[in-house]
Every structure is written in C-alpha cells, then in structure tokens.
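Participant: Below is the file my_file.tsv, which contains TSV, C-alpha atoms.
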```
chain	number	residue	atom	x	y	z
A	171	MET	CA	0.00	0.00	0.00
A	172	ASN	CA	2.97	2.33	0.53
A	173	ASP	CA	3.66	2.36	-3.25
A	174	ILE	CA	0.02	3.22	-3.94
A	175	LEU	CA	0.17	6.04	-1.37
A	176	GLN	CA	3.34	7.43	-2.98
A	177	LEU	CA	1.77	7.20	-6.45
A	178	THR	CA	-1.31	9.04	-5.21
A	179	ILE	CA	0.85	11.81	-3.72
A	180	VAL	CA	2.83	12.09	-6.99
A	181	LEU	CA	-0.33	12.34	-9.11
A	182	VAL	CA	-1.94	14.93	-6.79
A	183	ALA	CA	1.27	16.94	-6.70
A	184	SER	CA	1.56	16.74	-10.50
A	185	LEU	CA	-2.04	17.89	-10.96
A	186	LEU	CA	-1.57	20.86	-8.62
A	187	ALA	CA	1.75	21.71	-10.28
A	188	THR	CA	0.14	21.70	-13.74
A	189	LEU	CA	-2.67	23.98	-12.57
A	190	ALA	CA	-0.21	26.36	-10.90
A	191	SER	CA	2.03	26.34	-14.00
A	192	ARG	CA	-0.83	27.40	-16.24
A	193	ARG	CA	-1.81	30.13	-13.79
A	194	LEU	CA	1.81	31.37	-13.69
A	195	LYS	CA	2.20	30.87	-17.49
A	196	ILE	CA	5.28	28.66	-17.22
A	197	PRO	CA	5.80	25.25	-18.92
A	198	ALA	CA	3.93	22.51	-17.05
A	199	VAL	CA	7.01	20.29	-16.98
A	200	VAL	CA	8.88	22.90	-14.91
A	201	GLY	CA	6.13	22.92	-12.31
A	202	GLN	CA	6.14	19.13	-12.16
A	203	MET	CA	9.90	18.98	-11.61
A	204	LEU	CA	9.80	21.72	-8.98
A	205	VAL	CA	7.03	19.97	-7.08
A	206	GLY	CA	9.15	16.80	-7.32
A	207	ILE	CA	11.89	18.62	-5.41
A	208	LEU	CA	9.31	19.82	-2.87
A	209	ILE	CA	7.96	16.33	-2.05
A	210	ALA	CA	11.41	14.67	-2.22
A	211	PRO	CA	13.15	13.20	0.86
A	212	SER	CA	15.48	16.21	1.09
A	213	VAL	CA	12.54	18.66	1.63
A	214	LEU	CA	9.11	17.42	2.77
A	215	GLY	CA	9.94	13.72	2.57
A	216	LEU	CA	6.50	12.72	1.24
A	217	VAL	CA	7.86	10.50	-1.55
A	218	HIS	CA	10.94	8.29	-1.37
A	219	GLY	CA	10.76	6.60	-4.78
A	220	GLY	CA	11.06	2.83	-4.91
A	221	HIS	CA	10.92	0.14	-7.58
A	222	VAL	CA	7.26	0.61	-8.59
A	223	LEU	CA	7.56	4.35	-9.17
A	224	GLU	CA	10.89	3.91	-10.97
A	225	VAL	CA	9.33	1.40	-13.39
A	226	MET	CA	6.36	3.72	-14.00
A	227	SER	CA	8.77	6.61	-14.57
A	228	GLU	CA	10.74	4.54	-17.10
A	229	ILE	CA	7.53	3.66	-18.94
A	230	GLY	CA	6.64	7.37	-18.87
A	231	VAL	CA	9.78	8.48	-20.71
A	232	ILE	CA	9.45	5.58	-23.17
A	233	LEU	CA	5.87	6.64	-24.01
A	234	LEU	CA	6.90	10.30	-24.24
A	235	MET	CA	9.58	9.53	-26.82
A	236	PHE	CA	7.25	7.14	-28.65
A	237	LEU	CA	4.77	10.02	-28.99
A	238	ALA	CA	7.60	12.27	-30.22
A	239	GLY	CA	8.34	9.71	-32.94
A	240	LEU	CA	4.65	9.50	-33.89
A	241	GLU	CA	4.44	13.28	-34.24
A	242	SER	CA	7.65	13.59	-36.25
A	243	ASP	CA	7.61	14.18	-39.98
A	244	LEU	CA	10.11	11.69	-41.47
A	245	THR	CA	10.50	13.82	-44.60
A	246	VAL	CA	11.50	16.85	-42.53
A	247	LEU	CA	13.87	14.73	-40.41
A	248	LYS	CA	15.61	13.39	-43.53
A	249	LYS	CA	15.81	16.88	-45.02
A	250	ASN	CA	17.54	18.22	-41.89
A	251	PHE	CA	19.75	15.18	-41.25
A	252	LYS	CA	23.01	17.03	-41.97
A	253	ALA	CA	22.15	19.88	-39.58
A	254	SER	CA	21.07	17.37	-36.90
A	255	MET	CA	24.38	15.49	-37.23
A	256	LEU	CA	26.42	18.70	-36.93
A	257	VAL	CA	24.42	19.85	-33.89
A	258	ALA	CA	24.87	16.43	-32.27
A	259	ILE	CA	28.61	16.19	-32.93
A	260	GLY	CA	29.23	19.74	-31.66
A	261	GLY	CA	27.01	19.07	-28.65
A	262	VAL	CA	29.11	16.04	-27.70
A	263	ILE	CA	32.64	17.25	-28.45
A	264	VAL	CA	32.34	20.69	-26.79
A	265	PRO	CA	31.07	19.41	-23.38
A	266	LEU	CA	33.65	16.60	-23.40
A	267	ILE	CA	36.51	19.06	-23.86
A	268	VAL	CA	35.23	21.95	-21.71
A	269	PHE	CA	34.01	19.90	-18.73
A	270	GLY	CA	37.09	17.70	-18.88
A	271	ILE	CA	39.45	20.70	-18.72
A	272	VAL	CA	37.46	22.64	-16.09
A	273	ALA	CA	36.92	19.62	-13.81
A	274	PHE	CA	40.62	18.75	-14.05
A	275	GLY	CA	41.44	22.37	-13.19
A	276	PHE	CA	39.36	22.02	-10.01
A	277	GLY	CA	41.55	19.12	-8.91
A	278	TYR	CA	39.45	16.13	-10.04
A	279	GLY	CA	41.29	13.13	-11.44
A	280	ILE	CA	41.58	12.50	-15.16
A	281	SER	CA	38.93	9.74	-15.12
A	282	THR	CA	36.45	11.83	-13.10
A	283	SER	CA	37.07	14.90	-15.28
A	284	PHE	CA	36.48	12.97	-18.49
A	285	PHE	CA	33.38	11.36	-16.97
A	286	TYR	CA	31.97	14.85	-16.25
A	287	GLY	CA	32.26	15.50	-19.98
A	288	ILE	CA	30.46	12.26	-20.86
A	289	VAL	CA	27.57	13.06	-18.49
A	290	PHE	CA	26.96	16.48	-20.02
A	291	ALA	CA	27.46	15.29	-23.59
A	292	ALA	CA	24.09	13.51	-23.47
A	293	THR	CA	20.91	15.45	-24.25
A	294	SER	CA	17.52	14.63	-22.75
A	295	VAL	CA	15.08	15.62	-25.46
A	296	SER	CA	12.06	14.39	-23.45
A	297	ILE	CA	11.82	17.70	-21.56
A	298	THR	CA	12.20	19.70	-24.77
A	299	VAL	CA	9.63	17.51	-26.53
A	300	GLU	CA	7.10	18.25	-23.80
A	301	VAL	CA	7.59	22.03	-24.14
A	302	LEU	CA	7.58	21.98	-27.96
A	303	GLN	CA	4.40	19.87	-27.91
A	304	GLU	CA	2.82	22.32	-25.50
A	305	TYR	CA	3.53	25.22	-27.88
A	306	GLY	CA	2.88	23.34	-31.15
A	307	LYS	CA	6.48	23.56	-32.41
A	308	LEU	CA	7.52	19.90	-32.48
A	309	SER	CA	6.91	19.37	-36.21
A	310	THR	CA	8.74	22.53	-37.31
A	311	ARG	CA	12.16	22.50	-38.96
A	312	ALA	CA	13.86	23.51	-35.69
A	313	GLY	CA	11.91	20.85	-33.79
A	314	SER	CA	12.99	18.17	-36.28
A	315	ILE	CA	16.66	19.19	-36.02
A	316	ILE	CA	16.44	19.05	-32.21
A	317	LEU	CA	14.87	15.56	-32.30
A	318	GLY	CA	17.40	14.20	-34.79
A	319	ALA	CA	20.36	15.76	-32.96
A	320	ALA	CA	19.21	14.51	-29.55
A	321	VAL	CA	18.90	10.93	-30.79
A	322	VAL	CA	22.40	11.06	-32.37
A	323	ASP	CA	23.67	12.75	-29.18
A	324	ASP	CA	22.48	9.86	-27.05
A	325	ILE	CA	23.96	7.30	-29.43
A	326	LEU	CA	27.37	9.03	-29.40
A	327	ALA	CA	27.28	9.47	-25.60
A	328	VAL	CA	26.43	5.78	-25.10
A	329	LEU	CA	29.26	4.72	-27.44
A	330	ILE	CA	31.77	6.95	-25.61
A	331	LEU	CA	30.53	5.67	-22.23
A	332	SER	CA	30.87	2.08	-23.47
A	333	LEU	CA	34.48	2.73	-24.50
A	334	PHE	CA	35.27	4.51	-21.23
A	335	THR	CA	33.75	1.91	-18.87
A	336	SER	CA	35.34	-0.92	-20.86
A	337	PHE	CA	38.81	0.62	-20.58
A	338	LYS	CA	38.25	1.38	-16.87
A	339	SER	CA	37.24	-2.22	-16.18
A	340	GLY	CA	40.05	-3.61	-18.31
A	341	GLY	CA	37.76	-4.77	-21.11
A	342	SER	CA	39.33	-6.11	-24.29
A	343	GLY	CA	39.07	-4.72	-27.79
A	344	GLY	CA	37.10	-7.84	-28.71
A	345	GLN	CA	34.40	-6.97	-26.18
A	346	LEU	CA	34.10	-3.46	-27.60
A	347	ALA	CA	33.95	-4.76	-31.16
A	348	LEU	CA	31.21	-7.19	-30.13
A	349	GLN	CA	29.17	-4.41	-28.53
A	350	PHE	CA	29.51	-2.18	-31.60
A	351	PHE	CA	28.46	-5.13	-33.75
A	352	PHE	CA	25.30	-5.63	-31.67
A	353	GLU	CA	24.51	-1.92	-31.91
A	354	PHE	CA	24.97	-2.07	-35.69
A	355	LEU	CA	22.58	-5.05	-35.82
A	356	PHE	CA	20.08	-3.05	-33.76
A	357	PHE	CA	20.00	-0.21	-36.30
A	358	ALA	CA	19.84	-2.69	-39.17
A	359	PHE	CA	16.82	-4.26	-37.45
A	360	LEU	CA	15.23	-0.80	-37.04
A	361	PHE	CA	15.58	-0.28	-40.79
A	362	ILE	CA	13.86	-3.63	-41.46
A	363	VAL	CA	11.05	-2.82	-39.01
A	364	HIS	CA	10.56	0.56	-40.68
A	365	LYS	CA	10.13	-1.14	-44.07
A	366	LEU	CA	7.83	-3.88	-42.72
A	367	ILE	CA	5.44	-1.67	-40.69
A	368	PRO	CA	2.97	-1.01	-43.57
A	369	LYS	CA	2.75	-4.78	-44.25
A	370	ILE	CA	2.39	-5.56	-40.55
A	371	TRP	CA	-0.50	-3.12	-40.29
A	372	ARG	CA	-2.40	-4.75	-43.14
A	373	PHE	CA	-2.41	-7.87	-40.95
A	374	VAL	CA	-3.27	-5.90	-37.78
A	375	GLU	CA	-6.33	-4.36	-39.46
A	376	LYS	CA	-7.82	-7.86	-39.84
A	377	LEU	CA	-7.61	-8.68	-36.12
A	378	PRO	CA	-11.08	-8.83	-34.45
A	379	ILE	CA	-9.86	-6.99	-31.31
A	380	ALA	CA	-10.87	-3.64	-29.82
A	381	ASN	CA	-8.06	-1.03	-29.74
A	382	LYS	CA	-5.89	-3.44	-31.77
A	383	ASN	CA	-3.83	-0.64	-33.37
A	384	THR	CA	-2.78	0.87	-30.04
A	385	ILE	CA	-2.08	-2.52	-28.47
A	386	VAL	CA	0.22	-3.64	-31.31
A	387	ALA	CA	1.87	-0.19	-31.46
A	388	LEU	CA	2.71	-0.34	-27.74
A	389	ILE	CA	4.04	-3.90	-28.10
A	390	ILE	CA	6.39	-2.69	-30.86
A	391	CYS	CA	7.33	0.38	-28.78
A	392	LEU	CA	8.20	-1.64	-25.67
A	393	GLY	CA	9.85	-4.40	-27.71
A	394	LEU	CA	12.24	-2.00	-29.47
A	395	SER	CA	12.92	-0.25	-26.14
A	396	LEU	CA	13.90	-3.57	-24.57
A	397	LEU	CA	16.06	-4.41	-27.59
A	398	ALA	CA	17.84	-1.02	-27.41
A	399	ASP	CA	18.50	-1.57	-23.70
A	400	ALA	CA	19.77	-5.11	-24.38
A	401	VAL	CA	22.49	-3.83	-26.75
A	402	GLY	CA	23.60	-1.19	-24.23
A	403	MET	CA	21.75	1.82	-25.60
A	404	SER	CA	19.07	4.04	-24.09
A	405	ALA	CA	15.56	2.54	-24.22
A	406	VAL	CA	14.20	5.88	-25.48
A	407	ILE	CA	16.12	5.44	-28.76
A	408	GLY	CA	14.10	2.28	-29.44
A	409	SER	CA	10.77	3.89	-28.51
A	410	PHE	CA	11.46	6.98	-30.64
A	411	PHE	CA	12.22	4.92	-33.75
A	412	ALA	CA	9.16	2.75	-33.05
A	413	GLY	CA	6.99	5.88	-33.12
A	414	LEU	CA	8.77	7.10	-36.25
A	415	ALA	CA	8.08	3.79	-38.04
A	416	ILE	CA	4.42	3.65	-36.97
A	417	SER	CA	3.88	7.28	-38.04
A	418	GLN	CA	3.77	5.88	-41.61
A	419	THR	CA	0.45	4.15	-40.95
A	420	GLU	CA	-2.94	5.70	-41.67
A	421	VAL	CA	-4.04	5.09	-38.06
A	422	SER	CA	-1.06	6.88	-36.46
A	423	HIS	CA	-3.24	9.79	-35.29
A	424	LYS	CA	-5.61	7.40	-33.50
A	425	ILE	CA	-2.65	5.58	-31.91
A	426	GLU	CA	-1.21	8.93	-30.83
A	427	GLU	CA	-4.54	9.95	-29.25
A	428	TYR	CA	-4.91	6.74	-27.24
A	429	THR	CA	-1.24	6.58	-26.24
A	430	SER	CA	-1.37	10.21	-25.07
A	431	ALA	CA	-4.35	9.34	-22.88
A	432	ILE	CA	-2.46	6.40	-21.37
A	433	GLY	CA	0.81	8.29	-20.93
A	434	TYR	CA	-0.34	11.68	-19.69
A	435	VAL	CA	-2.89	10.33	-17.23
A	436	ILE	CA	-0.32	8.53	-15.11
A	437	PHE	CA	3.10	7.51	-16.48
A	438	ILE	CA	4.51	10.75	-17.92
A	439	PRO	CA	3.66	12.91	-14.85
A	440	VAL	CA	5.38	10.31	-12.65
A	441	PHE	CA	8.50	10.57	-14.83
A	442	PHE	CA	8.73	14.36	-14.58
A	443	VAL	CA	8.11	14.42	-10.82
A	444	LEU	CA	10.59	11.60	-10.12
A	445	ILE	CA	13.40	13.33	-12.04
A	446	ALA	CA	13.77	15.66	-9.05
A	447	ILE	CA	13.36	13.05	-6.30
A	448	SER	CA	17.10	12.29	-6.05
A	449	VAL	CA	18.19	15.89	-5.39
A	450	GLN	CA	20.41	16.36	-2.33
A	451	PHE	CA	21.38	19.91	-1.34
A	452	ASP	CA	24.65	19.19	0.53
A	453	SER	CA	26.78	20.02	-2.52
A	454	ILE	CA	25.09	23.43	-2.94
A	455	ILE	CA	26.08	24.30	0.63
A	456	HIS	CA	29.66	23.01	0.36
A	457	HIS	CA	30.51	23.87	-3.29
A	458	PRO	CA	28.08	26.62	-4.45
A	459	TRP	CA	30.48	28.22	-6.96
A	460	ILE	CA	31.33	24.89	-8.58
A	461	ILE	CA	27.63	24.10	-8.94
A	462	LEU	CA	26.97	27.56	-10.41
A	463	LEU	CA	29.89	27.34	-12.86
A	464	PHE	CA	29.04	23.82	-14.01
A	465	THR	CA	25.39	24.79	-14.52
A	466	LEU	CA	26.46	27.73	-16.68
A	467	LEU	CA	28.80	25.46	-18.64
A	468	ALA	CA	26.02	22.87	-19.04
A	469	ILE	CA	23.92	25.57	-20.72
A	470	LEU	CA	26.63	27.18	-22.87
A	471	THR	CA	28.32	23.97	-24.09
A	472	LYS	CA	25.05	22.89	-25.71
A	473	PHE	CA	23.60	26.26	-26.71
A	474	LEU	CA	26.62	27.78	-28.47
A	475	PRO	CA	27.54	24.90	-30.85
A	476	ALA	CA	23.86	24.27	-31.70
A	477	TYR	CA	23.23	27.98	-32.32
A	478	ALA	CA	26.34	28.20	-34.51
A	479	VAL	CA	25.22	25.20	-36.61
A	480	GLY	CA	21.74	26.72	-36.95
A	481	LYS	CA	23.13	29.99	-38.27
A	482	SER	CA	25.56	28.20	-40.63
A	483	SER	CA	22.60	26.16	-41.95
A	484	HIS	CA	20.85	29.42	-42.95
A	485	LEU	CA	18.21	29.24	-40.22
A	486	SER	CA	16.85	32.43	-38.69
A	487	THR	CA	18.23	33.76	-35.42
A	488	ASN	CA	15.09	32.67	-33.55
A	489	GLU	CA	15.21	29.16	-35.07
A	490	SER	CA	18.91	28.86	-34.20
A	491	MET	CA	18.22	30.03	-30.64
A	492	LEU	CA	15.38	27.51	-30.35
A	493	ILE	CA	17.71	24.68	-31.43
A	494	GLY	CA	20.33	25.92	-28.96
A	495	THR	CA	17.93	26.10	-26.02
A	496	GLY	CA	16.27	22.83	-27.08
A	497	MET	CA	19.57	20.95	-26.66
A	498	ILE	CA	20.32	22.22	-23.12
A	499	SER	CA	18.16	19.83	-21.11
A	500	ARG	CA	19.95	16.76	-19.70
A	501	GLY	CA	17.31	14.96	-17.59
A	502	GLU	CA	17.06	11.19	-17.49
A	503	MET	CA	19.86	10.35	-19.93
A	504	ALA	CA	22.48	12.27	-17.94
A	505	LEU	CA	21.11	10.83	-14.69
A	506	ILE	CA	21.42	7.31	-16.11
A	507	VAL	CA	25.04	7.96	-17.14
A	508	ALA	CA	25.81	9.44	-13.71
A	509	GLN	CA	24.23	6.41	-12.01
A	510	ILE	CA	26.38	4.07	-14.12
A	511	GLY	CA	29.44	6.05	-13.03
A	512	LEU	CA	28.49	5.67	-9.38
A	513	THR	CA	27.72	1.94	-9.52
A	514	SER	CA	30.92	1.31	-11.54
A	515	HIS	CA	32.95	3.23	-8.89
A	516	ILE	CA	34.16	5.73	-11.50
A	517	ILE	CA	32.89	8.64	-9.36
A	518	THR	CA	32.31	9.14	-5.63
A	519	ASP	CA	28.99	9.83	-3.85
A	520	GLU	CA	30.00	13.50	-3.50
A	521	VAL	CA	30.73	13.89	-7.22
A	522	TYR	CA	27.46	12.08	-8.01
A	523	SER	CA	25.50	14.57	-5.87
A	524	GLU	CA	27.16	17.49	-7.66
A	525	LEU	CA	26.32	15.98	-11.03
A	526	VAL	CA	22.68	15.38	-10.10
A	527	ILE	CA	22.21	18.96	-8.86
A	528	VAL	CA	23.72	20.46	-12.04
A	529	ILE	CA	21.62	18.11	-14.21
A	530	ILE	CA	18.43	19.11	-12.39
A	531	LEU	CA	19.26	22.84	-12.55
A	532	ALA	CA	20.03	22.68	-16.29
A	533	THR	CA	16.86	20.65	-16.87
A	534	VAL	CA	14.67	23.11	-14.95
A	535	ILE	CA	16.22	26.17	-16.60
A	536	ALA	CA	15.96	24.79	-20.18
A	537	PRO	CA	12.14	25.05	-20.55
A	538	PHE	CA	12.22	28.69	-19.39
A	539	LEU	CA	14.83	29.49	-22.06
A	540	ILE	CA	12.81	27.65	-24.73
A	541	LYS	CA	9.68	29.57	-23.76
A	542	PHE	CA	11.60	32.86	-23.85
A	543	VAL	CA	12.74	32.13	-27.43
A	544	LEU	CA	9.22	31.07	-28.50
A	545	ARG	CA	7.73	34.23	-26.98
A	546	LYS	CA	10.36	36.34	-28.75
A	547	GLU	CA	9.56	34.59	-32.03
A	548	THR	CA	5.85	35.32	-31.58
A	549	GLN	CA	6.57	38.98	-30.86
A	550	ASP	CA	8.81	39.28	-33.95
A	551	VAL	CA	6.11	37.73	-36.15
A	552	SER	CA	3.44	40.11	-34.78
A	553	LEU	CA	5.70	43.06	-35.57
```
For this file, produce the structure as structure tokens.

Facilitator:
Amino acid sequence: MNDILQLTIVLVASLLATLASRRLKIPAVVGQMLVGILIAPSVLGLVHGGHVLEVMSEIGVILLMFLAGLESDLTVLKKNFKASMLVAIGGVIVPLIVFGIVAFGFGYGISTSFFYGIVFAATSVSITVEVLQEYGKLSTRAGSIILGAAVVDDILAVLILSLFTSFKSGGSGGQLALQFFFEFLFFAFLFIVHKLIPKIWRFVEKLPIANKNTIVALIICLGLSLLADAVGMSAVIGSFFAGLAISQTEVSHKIEEYTSAIGYVIFIPVFFVLIAISVQFDSIIHHPWIILLFTLLAILTKFLPAYAVGKSSHLSTNESMLIGTGMISRGEMALIVAQIGLTSHIITDEVYSELVIVIILATVIAPFLIKFVLRKETQDVSL
C-alpha cells in the first residue's frame, strides 16, 4: 500500500503543479519537476521513490519519446539530417573538452574529469519535446533538427561511455567490437522494421480486437525499447524509432490519441516528478560556486555549438536560438550515465550529488529558455 500512497501523492502533486504552471504561465514540466523537489526526501519527505515508481517513470519516458516519434515528420527529419548530425557532434565534443578541462582544473582526477564531460554530452530531449508539444512547435524544422540531434547525441554518448567503462574495467578490444556489432545489428533491425510496418498493419487491421492498433503499437514500442537496452543503448532510442516507423500508418493519429491518454494520465507525470526526487542539497552548501559554474557550462556547451550550426545552416536567429535552447536539457539520460558512473565506482557519492544537482538545474532552466525564445519569435512575427 505504501507504493500506492506514494503514487497518489505524486499524481496529486503533478495535478496541482500543472494547474499552478498554467496560472503562472510557465511550462507545465517545470512545475512538475519543482514539485518533485518539494515532495522529495530532502525537503518534505513525502515521496521516497522505490521500484514501482521507478518502473512507471521509465515507462513514462518511453511513451513520451514514442509520442515524439509519432508526431515527427520523417521527410523533414531526412531533409535536416546534416544539420542534426552537426548539432549532435558539436554538442558532444564541446562538453567533453570543456568539462574535462574545467573539472581537471578544479583538482578532479583524469577519469572523473572525463566522466563529467560524458555526463553532459548527453541530451535529454524528453523535456524539450514536452515544451515543444505544449507550444505546437515539435513538427517545425527547428523541432525536427532538435529531435534528430538529440537521438544522435544519445547514441554518441552511449558509445563513448561504453568505451570509457570498458577501458576502466580492463575490457578487451574484442568486447568493444562485439558491442559495436550488436549496436549495428540493432540499427539494421530498425531499418527492417521501418520497411515492414505497412505490411504488418495490413495484418493488424484484420484482427477482431478492440483497440488493436494501439495494443500492437505499444508492443512494438516496448519491444524496441527492450532491444535497445539489451544492446547497451538508451531505451528511449528504441521507442522513438518505433513511433517514427508507426507514423507511416494511416491510423497513427488514433494511436497517438490513445497513447497520449495512457501516458499523460499517469506515467509521464510520474517521470517528470521523479526526475527531481534524487536531489540532495549538501553540494550546494559546500561547493556553491562549482555548482553555479558547471550549470552555466552545461547551458553554454550545448547552446553555443547548436546555435552556430543553426546559423551556418541558414536558419533564422530565432530558429537557431530555439535549437540551442532545445539541446540544453539533460534529464534522465544524464542521470542514467551518472548512475552508471556511481555503480561502476568511476565517481564518488560527493561527485554524483554534484552531477545530479547540475543536471536538475540545467533541466529546470531549459524550458524557461525555450519559452523565452518562443515568446520572442511570436513577438517578432506580430511586428
């Protein structure tokens, strides 16, 4: 019953946060994360997490990215592939170098310094997706570049993390080659699934089952998420490509409607609230300037390279700023990487706490910056 009580508190808190966010005219996701901090063990202590909530949170982010795939225009994604790749590469290389140098300058070891760079190389597009959906900008050119870049970002970050952890644990080149081979097979399988989806759906349409389209779509979504996780990648990569493949079908809008109802009623709010549950404030008290500096670097090392690529790709200033701000959020992907570092004994508990605080701050700030750019764009259009 304790898990049910915690879930009830999370849902009530999420509902109140959403209402307050609309009253204050801020993105709903910001309110949900802030209320997560409020009910966390370090403040009111109303919710302590646990396995059930963690599983629901994981399903929430999988469904969120599945919906992002469903809403994406594959033609627009293909058209902006080059820009997405450049944004992704810049957004990985710049944090790796900058955080590595700065962390080393603060006296951290070489391994810890490089790991800081890996953590902040990953982008959590789930927060950005929520804000862009809220303001109807997900299917725009800038939105497509952000989605494509974030997926490539995560792939590159996972590959770098795989190399790093393998070398730290004394893994052989054969093990790395095997992992890369499995990841290659995964993407080859995604390509096959993408081609087969229209044929699969001709069979699905004949099934005498209520809500058959949504049921099969969710099976494919969860199946590809599990497969991505099995080859050492983020589950959200699998769910995003599942949504992208199913967006080809004529019933994709109906699937999107039903999946949104399932996700936003319970799973997605749990995800956004639980992002903030792990925040501990000891590091802010002991190392406030480090936290402040790293938060600023977390913002700039994503914004500046993405903005530069946007401008070089002949996008407007507002579009380039939207891409830059859309890449800032770290969220669950960075938290997962940080958790791997802790469990693998690459970083200490103190470093982990610092990382989590900076991740949360960057994730909370990002939607405000996105909204500022969107508001500026609206004002420029009205003029």

Participant: Excluding Pro439 (chain A) and its own-chain neighbours fewer than 6 positions away, which residues fall within 12 Å of it when counting all atoms listed in the file? Please give them as a PyMOL selection string.

Facilitator: chain A and resi 177-188+198-203+205-206+223+226-231+233-234+297+300+430-433+445-446

Participant: Work out how far apart CA of Met497 (chain A) and CA of Thr293 (chain A) are and give it in Å to one decimal.

Facilitator: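 Here the two named atoms are 6.2 Å from each other.
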
Participant: Can you measure CA of Ile460 (chain A) to CA of Ala291 (chain A) for me? One decimal in Å is fine.

Facilitator: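 A separation of 18.2 Å between them.
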
Participant: Pull the neighbourhood of (18.0, 18.0, -18.2) for me: all residues within 6 Å in file coordinates, counting only C-alpha atoms, as a PyMOL selection string.

Facilitator: chain A and resi 294+499-501+529-530+532-533

Participant: For each of A:Thr245, A:Gln303, A:Ser523, A:Thr518, take the minimum atom-to-atom distance to Ser281 (chain A), counting only C-alpha atoms, then give the residue where this is smallest.

Facilitator: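 Answer, going by the shortest atom-to-atom distance: A:Thr518.
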
Participant: Mind checking which residues fall within 12 Å of region 320-322 of chain A, counting all atoms listed in the file, ignoring those fewer than 2 positions away in the same chain, and posting them as an NGL selection string?

Facilitator: :A and (235 or 238-239 or 247 or 251-262 or 291-299 or 313-318 or 324-329 or 403-411 or 472 or 476 or 493-494 or 496-500 or 503)

Participant: From the set A:Cys391, A:Ser242, A:Pro265, A:Ile209, which residue has the shortest atom-to-atom contact distance to Leu474 (chain A), counting all atoms listed in the file?

Facilitator: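 Of all the options, A:Pro265 lies closest to Leu474 (chain A).
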
Participant: Select, from A:Ile416, A:Val225, A:Leu444, A:Ile385, the residue with the minimum atom-to-atom distance to Pro368 (chain A), counting only C-alpha atoms.

Facilitator: A:Ile416

Participant: Of the residues A:Ile288, A:Ala415, A:Ile516, A:Ala478, which is the one nearest to Ala387 (chain A), using only C-alpha atoms?

Facilitator: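 Counting only C-alpha atoms, the residue closest to Ala387 (chain A) is A:Ala415.
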
Participant: Any chance you could model all heavy atoms for region 207-213 of chain A and send them as a short mmCIF file (atom, residue, chain, number, x, y, z; two decimals), in the frame of the given file?

Facilitator:
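And here is the file that came out, selection_38.cif:
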```
data_model
loop_
_atom_site.label_atom_id
_atom_site.label_comp_id
_atom_site.auth_asym_id
_atom_site.auth_seq_id
_atom_site.Cartn_x
_atom_site.Cartn_y
_atom_site.Cartn_z
N ILE A 207 10.89 18.22 -6.42
CA ILE A 207 11.89 18.62 -5.41
C ILE A 207 11.22 18.86 -4.07
O ILE A 207 11.73 18.48 -3.01
CB ILE A 207 12.63 19.90 -5.88
CG1 ILE A 207 13.46 19.60 -7.13
CG2 ILE A 207 13.53 20.45 -4.76
CD1 ILE A 207 14.10 20.82 -7.75
N LEU A 208 10.03 19.48 -4.11
CA LEU A 208 9.31 19.82 -2.87
C LEU A 208 8.91 18.58 -2.08
O LEU A 208 9.01 18.55 -0.85
CB LEU A 208 8.08 20.66 -3.21
CG LEU A 208 7.28 21.23 -2.05
CD1 LEU A 208 8.11 22.24 -1.26
CD2 LEU A 208 5.99 21.88 -2.54
N ILE A 209 8.43 17.53 -2.76
CA ILE A 209 7.96 16.33 -2.05
C ILE A 209 9.06 15.29 -1.86
O ILE A 209 8.82 14.23 -1.30
CB ILE A 209 6.76 15.68 -2.78
CG1 ILE A 209 7.18 15.16 -4.17
CG2 ILE A 209 5.60 16.66 -2.89
CD1 ILE A 209 6.06 14.44 -4.92
N ALA A 210 10.28 15.61 -2.32
CA ALA A 210 11.41 14.67 -2.22
C ALA A 210 11.87 14.50 -0.77
O ALA A 210 11.54 15.31 0.10
CB ALA A 210 12.57 15.19 -3.08
N PRO A 211 12.65 13.45 -0.50
CA PRO A 211 13.15 13.20 0.86
C PRO A 211 13.93 14.35 1.45
O PRO A 211 13.91 14.57 2.67
CB PRO A 211 14.05 11.97 0.67
CG PRO A 211 13.53 11.29 -0.53
CD PRO A 211 13.04 12.38 -1.44
N SER A 212 14.64 15.12 0.59
CA SER A 212 15.48 16.21 1.09
C SER A 212 14.69 17.44 1.54
O SER A 212 15.24 18.33 2.18
CB SER A 212 16.49 16.63 0.02
OG SER A 212 15.83 16.97 -1.18
N VAL A 213 13.37 17.51 1.21
CA VAL A 213 12.54 18.66 1.63
C VAL A 213 11.41 18.17 2.54
O VAL A 213 11.57 18.08 3.74
CB VAL A 213 12.01 19.45 0.41
CG1 VAL A 213 11.24 20.71 0.86
CG2 VAL A 213 13.16 19.87 -0.51
#
```
